[in-house]
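Everything below belongs to final_18.txt, which stores compact mmCIF, C-alpha atoms.
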# COMPACT_ATOMS: atom_id res chain seq x y z
CA MET A 243 -131.92 276.10 5.74
CA ILE A 244 -133.39 277.89 8.74
CA ASP A 245 -131.85 281.23 9.62
CA GLY A 246 -131.61 282.67 13.07
CA TRP A 247 -130.85 281.13 16.39
CA TYR A 248 -134.20 281.10 18.21
CA TRP A 249 -135.24 277.63 17.03
CA LYS A 250 -132.09 276.15 18.56
CA PHE A 251 -133.02 277.59 21.92
CA ILE A 252 -136.54 276.17 21.62
CA GLY A 253 -134.94 272.73 21.18
CA VAL A 254 -132.58 273.18 24.11
CA GLY A 255 -135.41 274.51 26.26
CA LEU A 256 -137.63 271.52 25.49
CA ILE A 257 -134.81 269.08 26.32
CA ILE A 258 -134.02 270.85 29.60
CA TYR A 259 -137.74 270.88 30.44
CA SER A 260 -138.01 267.15 29.76
CA MET A 261 -134.93 266.44 31.89
CA ILE A 262 -135.94 268.57 34.89
CA VAL A 263 -139.64 267.68 35.00
CA GLY A 264 -139.00 264.09 33.91
CA MET A 265 -136.57 263.56 36.78
CA LEU A 266 -138.40 265.48 39.52
CA VAL A 267 -142.01 264.30 39.25
CA PRO A 268 -142.50 261.44 41.73
CA LEU A 269 -143.95 258.03 40.98
CA LYS A 270 -147.49 257.25 42.11
CA PRO A 271 -147.50 255.51 45.53
CA SER A 272 -147.75 251.78 44.95
CA ILE A 273 -147.27 248.36 46.53
CA GLU A 274 -143.76 246.97 46.14
CA LEU A 275 -144.00 243.67 48.02
CA VAL A 276 -146.59 241.53 49.81
CA ALA A 277 -145.58 238.69 52.13
CA PRO A 278 -146.51 235.90 52.65
CA SER A 279 -147.68 235.09 49.15
CA ALA A 280 -149.54 231.90 50.07
CA ALA A 281 -152.29 231.06 52.59
CA LYS A 282 -154.91 228.45 53.37
CA THR A 283 -158.66 228.80 53.92
CA GLY A 284 -159.79 229.23 57.50
CA GLN A 285 -156.49 230.84 58.48
CA GLN A 286 -155.91 234.20 60.02
CA ILE A 287 -153.08 235.86 58.09
CA ASN A 288 -150.97 238.95 58.60
CA LEU A 289 -149.98 240.37 55.23
CA GLU A 290 -146.84 242.45 55.49
CA VAL A 291 -147.09 245.12 52.82
CA THR A 292 -144.09 247.14 51.64
CA GLY A 293 -144.95 250.28 49.74
CA TYR A 294 -143.05 252.39 47.24
CA ASN A 295 -143.26 256.19 47.58
CA THR A 296 -146.03 255.67 50.11
CA ASN A 297 -146.89 257.57 53.26
CA TYR A 298 -148.76 254.93 55.23
CA SER A 299 -148.09 256.61 58.58
CA GLY A 300 -149.82 259.74 57.29
CA SER A 301 -153.27 258.22 57.75
CA ALA A 302 -155.15 256.24 60.36
CA SER A 303 -157.91 254.97 58.10
CA ILE A 304 -156.29 252.67 55.57
CA ARG A 305 -158.52 249.91 54.27
CA ALA A 306 -157.44 246.68 52.58
CA TRP A 307 -159.25 244.01 50.58
CA LEU A 308 -158.43 240.67 48.98
CA LYS A 309 -160.31 240.19 45.73
CA ASP A 310 -160.52 237.45 43.12
CA GLU A 311 -161.04 237.84 39.36
CA GLU A 312 -164.82 237.87 39.64
CA GLY A 313 -164.93 240.60 42.26
CA ASN A 314 -165.56 238.42 45.32
CA ALA A 315 -163.78 240.15 48.16
CA VAL A 316 -163.10 240.14 51.87
CA LEU A 317 -162.28 243.23 53.94
CA SER A 318 -159.27 243.35 56.21
CA LYS A 319 -160.13 243.10 59.92
CA ASN A 320 -157.37 245.38 61.02
CA VAL A 321 -154.61 247.40 59.35
CA THR A 322 -151.56 248.24 61.48
CA VAL A 323 -149.23 250.89 60.16
CA ILE A 324 -145.56 250.37 61.06
CA ASN A 325 -143.96 253.24 59.21
CA ALA A 326 -144.29 255.18 55.96
CA GLN A 327 -143.38 252.17 53.82
CA ASN A 328 -144.65 249.25 55.88
CA LEU A 329 -147.98 248.08 57.20
CA VAL A 330 -149.57 244.82 58.28
CA ALA A 331 -153.05 243.92 57.08
CA ASN A 332 -154.84 241.28 59.11
CA PHE A 333 -157.31 239.03 57.27
CA ASP A 334 -159.63 236.25 58.37
CA ILE A 335 -159.67 233.98 55.33
CA PRO A 336 -163.12 232.31 55.14
CA GLY A 337 -163.40 228.52 55.22
CA PHE A 338 -164.31 228.17 51.54
CA LEU A 339 -163.32 229.98 48.36
CA PRO A 340 -165.89 231.26 45.84
CA SER A 341 -164.37 228.98 43.21
CA SER A 342 -164.15 225.32 42.32
CA ASP A 343 -160.38 225.55 41.86
CA ARG A 344 -158.05 224.29 44.57
CA VAL A 345 -155.72 227.32 44.37
CA VAL A 346 -156.99 230.81 43.60
CA PRO A 347 -154.90 233.98 43.17
CA PHE A 348 -156.13 237.01 45.07
CA THR A 349 -155.36 240.66 44.41
CA LEU A 350 -154.59 242.96 47.30
CA ILE A 351 -156.23 246.38 47.17
CA LEU A 352 -155.26 249.13 49.59
CA ASP A 353 -157.07 252.41 49.94
CA HIS A 354 -155.22 255.32 51.49
CA PRO A 355 -157.13 258.62 51.96
CA VAL A 356 -154.22 260.66 50.54
CA ASP A 357 -152.04 258.33 48.45
CA GLY A 358 -155.08 256.85 46.75
CA ALA A 359 -155.91 253.25 45.91
CA MET A 360 -153.05 250.81 45.32
CA VAL A 361 -153.30 247.41 43.71
CA SER A 362 -150.99 244.41 43.89
CA PRO A 363 -152.26 241.84 41.36
CA ASP A 364 -152.09 238.14 42.32
CA ALA A 365 -150.52 239.05 45.67
CA VAL A 366 -151.71 236.00 47.63
CA PHE A 367 -152.46 232.45 46.44
CA ILE A 368 -155.03 230.83 48.70
CA THR A 369 -155.37 227.04 48.82
CA GLN A 370 -158.54 225.27 49.91
CA ASP A 371 -158.71 221.62 51.00
CA SER A 372 -162.46 221.11 50.65
CA ILE A 373 -164.23 222.76 47.77
CA SER A 374 -167.67 224.31 47.94
CA LYS A 375 -168.28 227.13 45.53
CA VAL A 376 -171.80 227.83 46.86
CA GLU A 377 -170.60 228.05 50.45
CA GLY A 378 -167.71 230.25 49.34
CA GLN A 379 -169.97 232.69 47.55
CA THR A 380 -171.86 233.36 50.76
CA LEU A 381 -168.65 233.93 52.72
CA TRP A 382 -167.03 236.25 50.12
CA GLN A 383 -168.96 239.35 49.19
CA LYS A 384 -169.33 241.26 45.97
CA ASP A 385 -169.45 245.06 45.78
CA ILE A 386 -167.82 245.72 49.15
CA ILE A 387 -164.92 247.61 47.59
CA ASN A 388 -166.22 251.16 47.58
CA ASP A 389 -165.24 254.79 48.04
CA LEU A 390 -161.78 254.28 46.60
CA THR A 391 -159.67 257.43 46.70
CA LEU A 392 -158.33 258.81 43.44
CA ASN A 393 -154.84 260.27 43.73
CA THR A 394 -154.96 263.43 41.63
CA ALA A 395 -151.36 264.53 42.29
CA PHE A 396 -149.11 264.91 39.23
CA THR A 397 -147.27 261.59 39.23
CA PHE A 398 -145.92 258.99 36.82
CA PRO A 399 -147.25 255.42 36.84
CA SER A 400 -145.39 253.06 39.15
CA MET A 401 -144.94 249.60 37.62
CA SER A 402 -143.22 246.66 39.23
CA LEU A 403 -139.77 245.84 37.77
CA ILE A 404 -139.71 249.10 35.79
CA ARG A 405 -140.25 251.54 38.69
CA GLU A 406 -138.17 254.72 38.30
CA THR A 407 -136.75 253.63 34.95
CA ILE A 408 -140.13 254.57 33.44
CA ARG A 409 -138.48 258.01 33.15
CA ASN A 410 -136.25 256.57 30.41
CA THR A 411 -139.34 256.90 28.20
CA PHE A 412 -138.46 260.61 27.96
CA TYR A 413 -134.80 260.02 27.06
CA HIS A 414 -134.54 256.70 25.21
CA VAL A 415 -137.70 256.72 23.08
CA PRO A 416 -137.55 260.29 21.62
CA LEU A 417 -134.09 259.48 20.22
CA TRP A 418 -135.73 256.86 17.98
CA PHE A 419 -138.53 259.19 16.90
CA ALA A 420 -135.97 261.87 16.08
CA MET A 421 -133.75 259.33 14.30
CA VAL A 422 -136.53 258.31 11.89
CA ILE A 423 -137.41 261.95 11.14
CA ILE A 424 -133.75 262.82 10.57
CA PHE A 425 -133.11 259.83 8.31
CA GLY A 426 -136.25 260.93 6.44
CA ALA A 427 -134.75 264.41 6.01
CA ALA A 428 -131.53 262.83 4.72
CA VAL A 429 -133.50 260.91 2.07
CA TYR A 430 -135.32 264.11 1.10
CA TRP A 431 -132.00 265.84 0.39
CA SER A 432 -130.62 262.76 -1.38
CA ILE A 433 -133.61 262.76 -3.76
CA LYS A 434 -133.20 266.51 -4.32
CA TYR A 435 -129.54 265.92 -5.10
CA LEU A 436 -130.33 263.19 -7.63
CA ARG A 437 -132.74 265.52 -9.40
CA ASN A 438 -130.23 268.34 -9.35
CA PRO A 439 -126.70 266.89 -9.27
CA GLN A 440 -124.93 270.26 -9.61
CA SER A 441 -126.11 271.31 -6.15
CA TYR A 442 -123.34 269.96 -3.94
CA GLN A 443 -125.14 271.48 -0.91
CA TYR A 444 -127.94 268.94 -1.21
CA ASP A 445 -125.45 266.08 -0.98
CA ASN A 446 -123.78 267.73 2.01
CA ARG A 447 -127.14 268.01 3.74
CA ALA A 448 -127.81 264.33 3.17
CA VAL A 449 -124.41 263.54 4.73
CA GLY A 450 -125.08 265.79 7.73
CA PHE A 451 -128.51 264.32 8.43
CA THR A 452 -127.33 260.74 7.98
CA SER A 453 -124.49 261.20 10.45
CA VAL A 454 -126.81 262.68 13.07
CA GLY A 455 -129.30 259.87 12.46
CA ILE A 456 -126.55 257.33 13.13
CA LEU A 457 -125.56 259.20 16.30
CA PHE A 458 -129.15 259.07 17.58
CA GLY A 459 -129.46 255.43 16.57
CA ILE A 460 -126.31 254.45 18.46
CA LEU A 461 -127.40 256.46 21.51
CA GLY A 462 -130.84 254.84 21.36
CA THR A 463 -129.28 251.39 21.20
CA VAL A 464 -126.81 251.99 24.06
CA THR A 465 -129.38 253.64 26.34
CA GLY A 466 -131.78 250.82 25.50
CA ALA A 467 -129.12 248.28 26.44
CA LEU A 468 -128.54 249.94 29.81
CA TRP A 469 -132.29 250.02 30.45
CA ALA A 470 -132.59 246.39 29.37
CA ARG A 471 -129.82 245.36 31.79
CA PHE A 472 -132.03 246.21 34.77
CA VAL A 473 -135.41 245.32 33.34
CA TRP A 474 -134.82 242.40 30.94
CA GLY A 475 -131.75 241.11 32.80
CA SER A 476 -128.93 241.62 30.30
CA TYR A 477 -127.52 244.35 28.09
CA TRP A 478 -128.02 242.42 24.88
CA SER A 479 -130.53 239.58 24.76
CA TRP A 480 -130.74 239.21 20.94
CA ASP A 481 -134.29 240.46 21.08
CA ILE A 482 -135.76 240.98 17.61
CA LYS A 483 -135.97 244.74 18.23
CA GLN A 484 -132.29 244.87 19.14
CA ILE A 485 -131.27 242.77 16.14
CA VAL A 486 -133.17 244.81 13.55
CA THR A 487 -131.93 248.14 14.90
CA ALA A 488 -128.35 246.84 14.82
CA VAL A 489 -128.85 245.71 11.20
CA ALA A 490 -130.40 249.06 10.25
CA LEU A 491 -127.52 250.98 11.83
CA LEU A 492 -124.94 248.78 10.07
CA ILE A 493 -126.69 249.51 6.75
CA TYR A 494 -126.40 253.24 7.49
CA MET A 495 -122.77 252.98 8.56
CA ALA A 496 -122.04 251.38 5.20
CA TYR A 497 -123.23 254.68 3.66
CA PHE A 498 -120.07 256.37 4.96
CA ILE A 499 -117.84 253.45 4.03
CA LEU A 500 -119.28 253.66 0.51
CA ARG A 501 -118.58 257.39 0.31
CA ASN A 502 -114.99 256.93 1.43
CA ALA A 503 -114.47 254.16 -1.11
CA ILE A 504 -115.30 256.32 -4.15
CA GLU A 505 -112.69 258.83 -5.30
CA ASP A 506 -114.61 260.85 -7.89
CA ASP A 507 -116.80 263.49 -6.18
CA ASP A 508 -119.70 263.48 -8.66
CA ARG A 509 -119.96 259.70 -8.70
CA LYS A 510 -119.57 259.58 -4.93
CA GLY A 511 -122.54 261.91 -4.47
CA ARG A 512 -124.82 260.06 -6.87
CA VAL A 513 -123.99 256.54 -5.66
CA ALA A 514 -124.32 257.63 -2.03
CA ALA A 515 -127.68 259.31 -2.71
CA VAL A 516 -129.06 256.16 -4.35
CA TYR A 517 -127.71 254.04 -1.50
CA ASN A 518 -129.30 256.40 1.04
CA ILE A 519 -132.72 255.90 -0.54
CA PHE A 520 -132.26 252.13 -0.39
CA ALA A 521 -131.13 252.36 3.24
CA PHE A 522 -134.26 254.29 4.21
CA VAL A 523 -136.47 251.89 2.30
CA ALA A 524 -134.82 249.05 4.28
CA LEU A 525 -135.03 250.93 7.59
CA ILE A 526 -138.80 251.40 7.66
CA PRO A 527 -139.81 247.71 7.38
CA LEU A 528 -136.88 246.71 9.59
CA ILE A 529 -137.87 248.81 12.59
CA PHE A 530 -141.62 249.11 12.06
CA VAL A 531 -142.73 245.85 10.47
CA VAL A 532 -140.37 242.97 11.29
CA PRO A 533 -140.49 243.35 15.13
CA ARG A 534 -144.29 243.31 15.02
CA MET A 535 -144.25 239.91 13.34
CA MET A 536 -142.25 238.22 16.08
CA ASP A 537 -142.26 237.93 19.85
CA SER A 538 -140.34 240.67 21.55
CA LEU A 539 -139.44 241.68 25.07
CA HIS A 540 -139.91 245.29 24.03
CA PRO A 541 -143.07 247.00 25.39
CA GLY A 542 -146.40 246.44 23.72
CA ASN A 543 -148.00 243.01 23.92
CA GLY A 544 -149.00 240.61 21.19
CA GLY A 545 -145.96 241.17 19.02
CA ASN A 546 -146.30 244.94 19.03
CA PRO A 547 -142.84 246.24 19.93
CA GLY A 548 -143.72 249.92 19.92
CA LEU A 549 -145.33 251.87 22.70
CA GLY A 550 -148.50 250.24 23.91
CA ALA A 551 -151.51 252.33 24.84
CA ASN A 552 -150.87 251.50 28.50
CA ASP A 553 -147.25 252.62 28.50
CA LEU A 554 -148.03 256.33 28.37
CA ASP A 555 -150.48 258.13 30.58
CA ASN A 556 -151.46 261.77 30.33
CA SER A 557 -148.89 262.96 32.84
CA MET A 558 -146.12 261.32 30.81
CA ARG A 559 -147.40 262.70 27.51
CA MET A 560 -146.80 266.22 28.82
CA ILE A 561 -143.06 265.47 28.94
CA PHE A 562 -142.78 262.84 26.21
CA TYR A 563 -144.04 264.90 23.26
CA PRO A 564 -141.98 268.03 24.04
CA ALA A 565 -138.93 265.75 24.39
CA ILE A 566 -139.53 264.34 20.88
CA ILE A 567 -139.81 267.83 19.38
CA GLY A 568 -136.73 268.91 21.34
CA TRP A 569 -134.60 266.04 20.08
CA ILE A 570 -135.72 266.61 16.48
CA ILE A 571 -134.64 270.26 16.77
CA ILE A 572 -131.31 269.29 18.36
CA GLY A 573 -130.82 266.82 15.50
CA LEU A 574 -131.51 269.55 12.93
CA TRP A 575 -129.02 271.78 14.68
CA LEU A 576 -126.27 269.17 14.77
CA ALA A 577 -126.86 268.31 11.10
CA ASN A 578 -126.92 272.03 10.29
CA VAL A 579 -123.47 272.57 11.81
CA ARG A 580 -122.13 269.48 10.08
CA TYR A 581 -123.29 270.39 6.56
CA ARG A 582 -122.29 274.03 6.84
CA LEU A 583 -118.81 272.75 7.57
CA LEU A 584 -118.96 270.49 4.50
CA ASP A 585 -120.08 273.45 2.36
CA ILE A 586 -117.09 275.51 3.58
CA LYS A 587 -114.79 272.60 2.81
CA TYR A 588 -116.23 272.26 -0.70
CA ASN A 589 -115.82 275.96 -1.43
CA LEU A 590 -112.26 275.87 -0.13
CA MET A 591 -111.30 272.87 -2.26
CA ASN A 592 -112.85 274.21 -5.45
CA LYS A 593 -111.50 277.74 -5.41
CA MET B 128 -104.12 268.01 19.45
CA ASN B 129 -104.76 264.49 18.24
CA LYS B 130 -103.06 263.12 21.32
CA ILE B 131 -105.49 264.96 23.57
CA TYR B 132 -108.42 263.36 21.75
CA ARG B 133 -106.93 259.93 22.13
CA ILE B 134 -106.39 260.49 25.84
CA LEU B 135 -109.95 261.76 26.19
CA ALA B 136 -111.39 258.80 24.30
CA PHE B 137 -109.28 256.44 26.39
CA GLY B 138 -110.59 258.18 29.51
CA PHE B 139 -114.19 257.63 28.45
CA CYS B 140 -113.52 253.96 27.75
CA LEU B 141 -111.79 253.58 31.12
CA LEU B 142 -114.72 255.23 32.89
CA PHE B 143 -117.06 252.67 31.36
CA LEU B 144 -114.77 249.72 31.95
CA THR B 145 -114.27 250.52 35.64
CA ASN B 146 -118.02 250.79 36.00
CA LEU B 147 -118.74 247.58 34.20
CA SER B 148 -115.78 245.37 35.14
CA GLY B 149 -116.17 242.35 37.36
CA GLN B 150 -114.59 243.82 40.46
CA ASN B 151 -117.20 246.51 40.83
CA GLU B 152 -120.06 244.53 39.35
CA ASN B 153 -121.85 244.07 42.66
CA GLN B 154 -121.51 247.68 43.74
CA TYR B 155 -122.62 248.77 40.29
CA ASN B 156 -125.64 246.48 40.30
CA GLU B 157 -126.59 247.65 43.76
CA LEU B 158 -126.36 251.27 42.66
CA MET B 159 -128.50 250.61 39.60
CA THR B 160 -131.22 248.72 41.46
CA HIS B 161 -131.10 250.86 44.59
CA SER B 162 -134.20 252.91 45.35
CA GLY B 163 -136.34 251.84 42.43
CA LYS B 164 -133.47 251.83 39.89
CA PHE B 165 -133.29 255.61 39.82
CA TYR B 166 -129.61 255.62 38.88
CA ASN B 167 -130.42 253.68 35.73
CA VAL B 168 -132.09 256.85 34.46
CA VAL B 169 -129.04 258.88 35.47
CA GLY B 170 -126.90 256.39 33.54
CA VAL B 171 -129.06 256.87 30.44
CA LEU B 172 -128.68 260.66 30.69
CA VAL B 173 -124.88 260.30 31.10
CA ILE B 174 -124.72 258.07 27.99
CA ILE B 175 -126.65 260.64 25.94
CA PHE B 176 -124.36 263.42 27.17
CA ILE B 177 -121.22 261.40 26.35
CA GLY B 178 -122.65 260.65 22.89
CA LEU B 179 -123.26 264.32 22.17
CA MET B 180 -119.76 265.18 23.41
CA ILE B 181 -118.24 262.56 21.11
CA TYR B 182 -120.14 264.10 18.19
CA LEU B 183 -118.81 267.52 19.22
CA LEU B 184 -115.32 266.01 19.26
CA ILE B 185 -115.78 264.68 15.71
CA ILE B 186 -116.95 268.08 14.45
CA ASP B 187 -114.07 269.73 16.31
CA ARG B 188 -111.60 267.49 14.47
CA LYS B 189 -113.15 268.38 11.13
CA VAL B 190 -112.89 272.09 11.91
CA LYS B 191 -109.24 271.55 12.85
CA LYS B 192 -108.57 269.86 9.51
CA LEU B 193 -110.20 272.78 7.67
CA GLU B 194 -108.13 275.27 9.67
CA ASN B 195 -104.98 273.40 8.72
CA GLN B 196 -106.00 273.48 5.06
CA ILE B 197 -106.58 277.23 5.20
CA HIS B 198 -103.21 277.79 6.87
CA SER B 199 -101.35 275.69 4.34
CA LYS B 200 -102.83 277.63 1.39

In structure tokens, write the structure found in this file.
Amino acid sequence: MIDGWYWKFIGVGLIIYSMIVGMLVPLKPSIELVAPSAAKTGQQINLEVTGYNTNYSGSASIRAWLKDEEGNAVLSKNVTVINAQNLVANFDIPGFLPSSDRVVPFTLILDHPVDGAMVSPDAVFITQDSISKVEGQTLWQKDIINDLTLNTAFTFPSMSLIRETIRNTFYHVPLWFAMVIIFGAAVYWSIKYLRNPQSYQYDNRAVGFTSVGILFGILGTVTGALWARFVWGSYWSWDIKQIVTAVALLIYMAYFILRNAIEDDDRKGRVAAVYNIFAFVALIPLIFVVPRMMDSLHPGNGGNPGLGANDLDNSMRMIFYPAIIGWIIIGLWLANVRYRLLDIKYNLMNK
Amino acid sequence: MNKIYRILAFGFCLLFLTNLSGQNENQYNELMTHSGKFYNVVGVLVIIFIGLMIYLLIIDRKVKKLENQIHSK
């Protein structure tokens, strides 16, 4: 199909790039843990903050705020740095909250002159015994969170629970992108074979692409299971996304069972080509439509199991897209080797 | 030759089983959650590598079969 060797090296280069850069770029400094998570009005509290990838001791002027949903905030009286990962922020909680609720969640915001601003949503729940929203609004101030530092270093987003496993985006997800493209190529060759049944090469190409597609599908499922073990809690949680991919892969595995079950070569090729078209037609709604109609643990909210807009930032795109192209090229290469072998076998058998 | 493949495949399975079996479960979980779950990513890369090697093994076997056919002709 494609002569020469250079395109294979482009694929390998892109994969190596995605592995090296994807593993070496650090996560953005962020807040890992805030304790205690509850307080009462009128108290003086010491919030012990544990950071991730932070360098608290690198700066003397760290500021901290507690803020509610409407932007009412209070500035920390005193921030004591213990070491690079730990600091204590001292707050005087005012006597009233700017809300008529008894318990209000507050977000902790830290500003570090080098690491940048860090946010820990709903870090502290403050309880008030007597409620006075008007009084509270005079004690809590709006617009006091200012001059936040923007960390411009090349980093990946740091999310709680996910943390370093966000890097799996470069290794788990491109396998699925490549799988769909490669199954698409298999269908292309199957259709070509049906239109031109004398060309045994077309059938061989369909076989090669389908086998690589299954390989990528299995790898995507297994890597997804390992990722799920430490983010969702178990390897296999019968999530709709996991179920439909398993069904789709079983449909594709039946393609090879079907081929092995038919003795006659011409019939084998034609039946398998028709089956391959049906398998692809089943695959697309299975992995793109069905999961979107049901609740899923898979990223993307509101029943969208794909990548949400918030799951990729610009720094990640610079590794993610090359990785997809790289895996597609590797898939082409693997399929290429496989169908060349089948062509040799055919020529040998029919001499 | 076939024997070598079986031993290799058995070795891979064993590697996984020792990692995942109950005795080492705690150590394994600690490793995977240690330092922001970094080793989870390493695990994913190892799985992809093993998968590619298994595919290489399958192609290798097919080449072997072809070689045998050529020799027997």

Next on the checklist: Set the cut-off to 9 Å and count all atoms listed in the file: what are the residues of chain B that reach chain A? Output as number ranges by chain.
Outcome noted: B: 156, 159-160, 162-172, 174-175, 178-179, 182-183, 186, 189-190, 193, 196-197

Checklist entry - If you measure from atom CA of A:Ala514 to atom CA of A:Trp418, what distance in Å do you get, rounded to one decimal? => result 23.0 Å

Next on the checklist: Taking (-158.0, 257.1, 54.5) in the coordinates of the supplied file, I want to know which residues reach to within 12 Å of it, counting all atoms listed in the file; could you give the answer as a PyMOL selection string?
Outcome noted: chain A and resi 297-306+321+352-359+389-393

Next on the checklist: Could you check which residues have any atom within 9 Å of (-160.2, 231.2, 43.1), counting only C-alpha atoms with coordinates taken straight from the file, and then list them as a ChimeraX atom specification?
Outcome noted: /A:310-312,339-348,367-369

How would the residues just chosen look if you wrote them out with C-alpha atoms as a compact mmCIF listing (two decimals), keeping the file's coordinate frame?
# COMPACT_ATOMS: atom_id res chain seq x y z
CA ASP A 310 -160.52 237.45 43.12
CA GLU A 311 -161.04 237.84 39.36
CA GLU A 312 -164.82 237.87 39.64
CA LEU A 339 -163.32 229.98 48.36
CA PRO A 340 -165.89 231.26 45.84
CA SER A 341 -164.37 228.98 43.21
CA SER A 342 -164.15 225.32 42.32
CA ASP A 343 -160.38 225.55 41.86
CA ARG A 344 -158.05 224.29 44.57
CA VAL A 345 -155.72 227.32 44.37
CA VAL A 346 -156.99 230.81 43.60
CA PRO A 347 -154.90 233.98 43.17
CA PHE A 348 -156.13 237.01 45.07
CA PHE A 367 -152.46 232.45 46.44
CA ILE A 368 -155.03 230.83 48.70
CA THR A 369 -155.37 227.04 48.82

Item to check | One-decimal distance in Å that lies between atom CA of A:Asn328 and atom CA of A:Leu308 | outcome: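 So the two atoms, atom CA of A:Leu308 and atom CA of A:Asn328, lie 17.6 Å apart.
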
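Going from atom CA of A:Ile482 over to atom CA of A:Val415, you cover 16.8 Å.
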
Checklist entry - Neighbours of A:Thr283 within 10 Å (only C-alpha atoms; same-chain residues fewer than 5 positions away dropped), as a PyMOL selection string? => result chain A and resi 334-339+368-372

Listed atoms of stretch 311-319 of chain A boxed axis-aligned with 5 Å per side, centre + edges as lines of an AutoDock Vina configuration file:
center_x = -162.4
center_y = 240.6
center_z = 49.6
size_x = 16.3
size_y = 15.5
size_z = 30.6

Checklist entry - Using only C-alpha atoms, which of A:Arg559, A:Arg512, A:Lys384, A:Lys319 sits nearest A:Tyr444? => result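 Looking only at the distances to A:Tyr444, the closest residue turns out to be A:Arg512.
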
Checklist entry - With distances taken over only C-alpha atoms, which of A:Trp247, A:Pro363, A:Ser538, A:Gln379 is nearest to A:Ser479? => result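 Ranked by minimum distance to A:Ser479, first place goes to A:Ser538.
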
Item to check | Which of A:Leu256, A:Val513, A:Ile572, A:Met421 sits closest to A:Ile526 [using only C-alpha atoms] | outcome: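 Nearest to A:Ile526: A:Met421.
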
Checklist outcome for this item: Closest of A:Ala448, A:Ile257, A:Leu492, A:Ile386 to B:Phe176, counting only C-alpha atoms, is A:Ile257
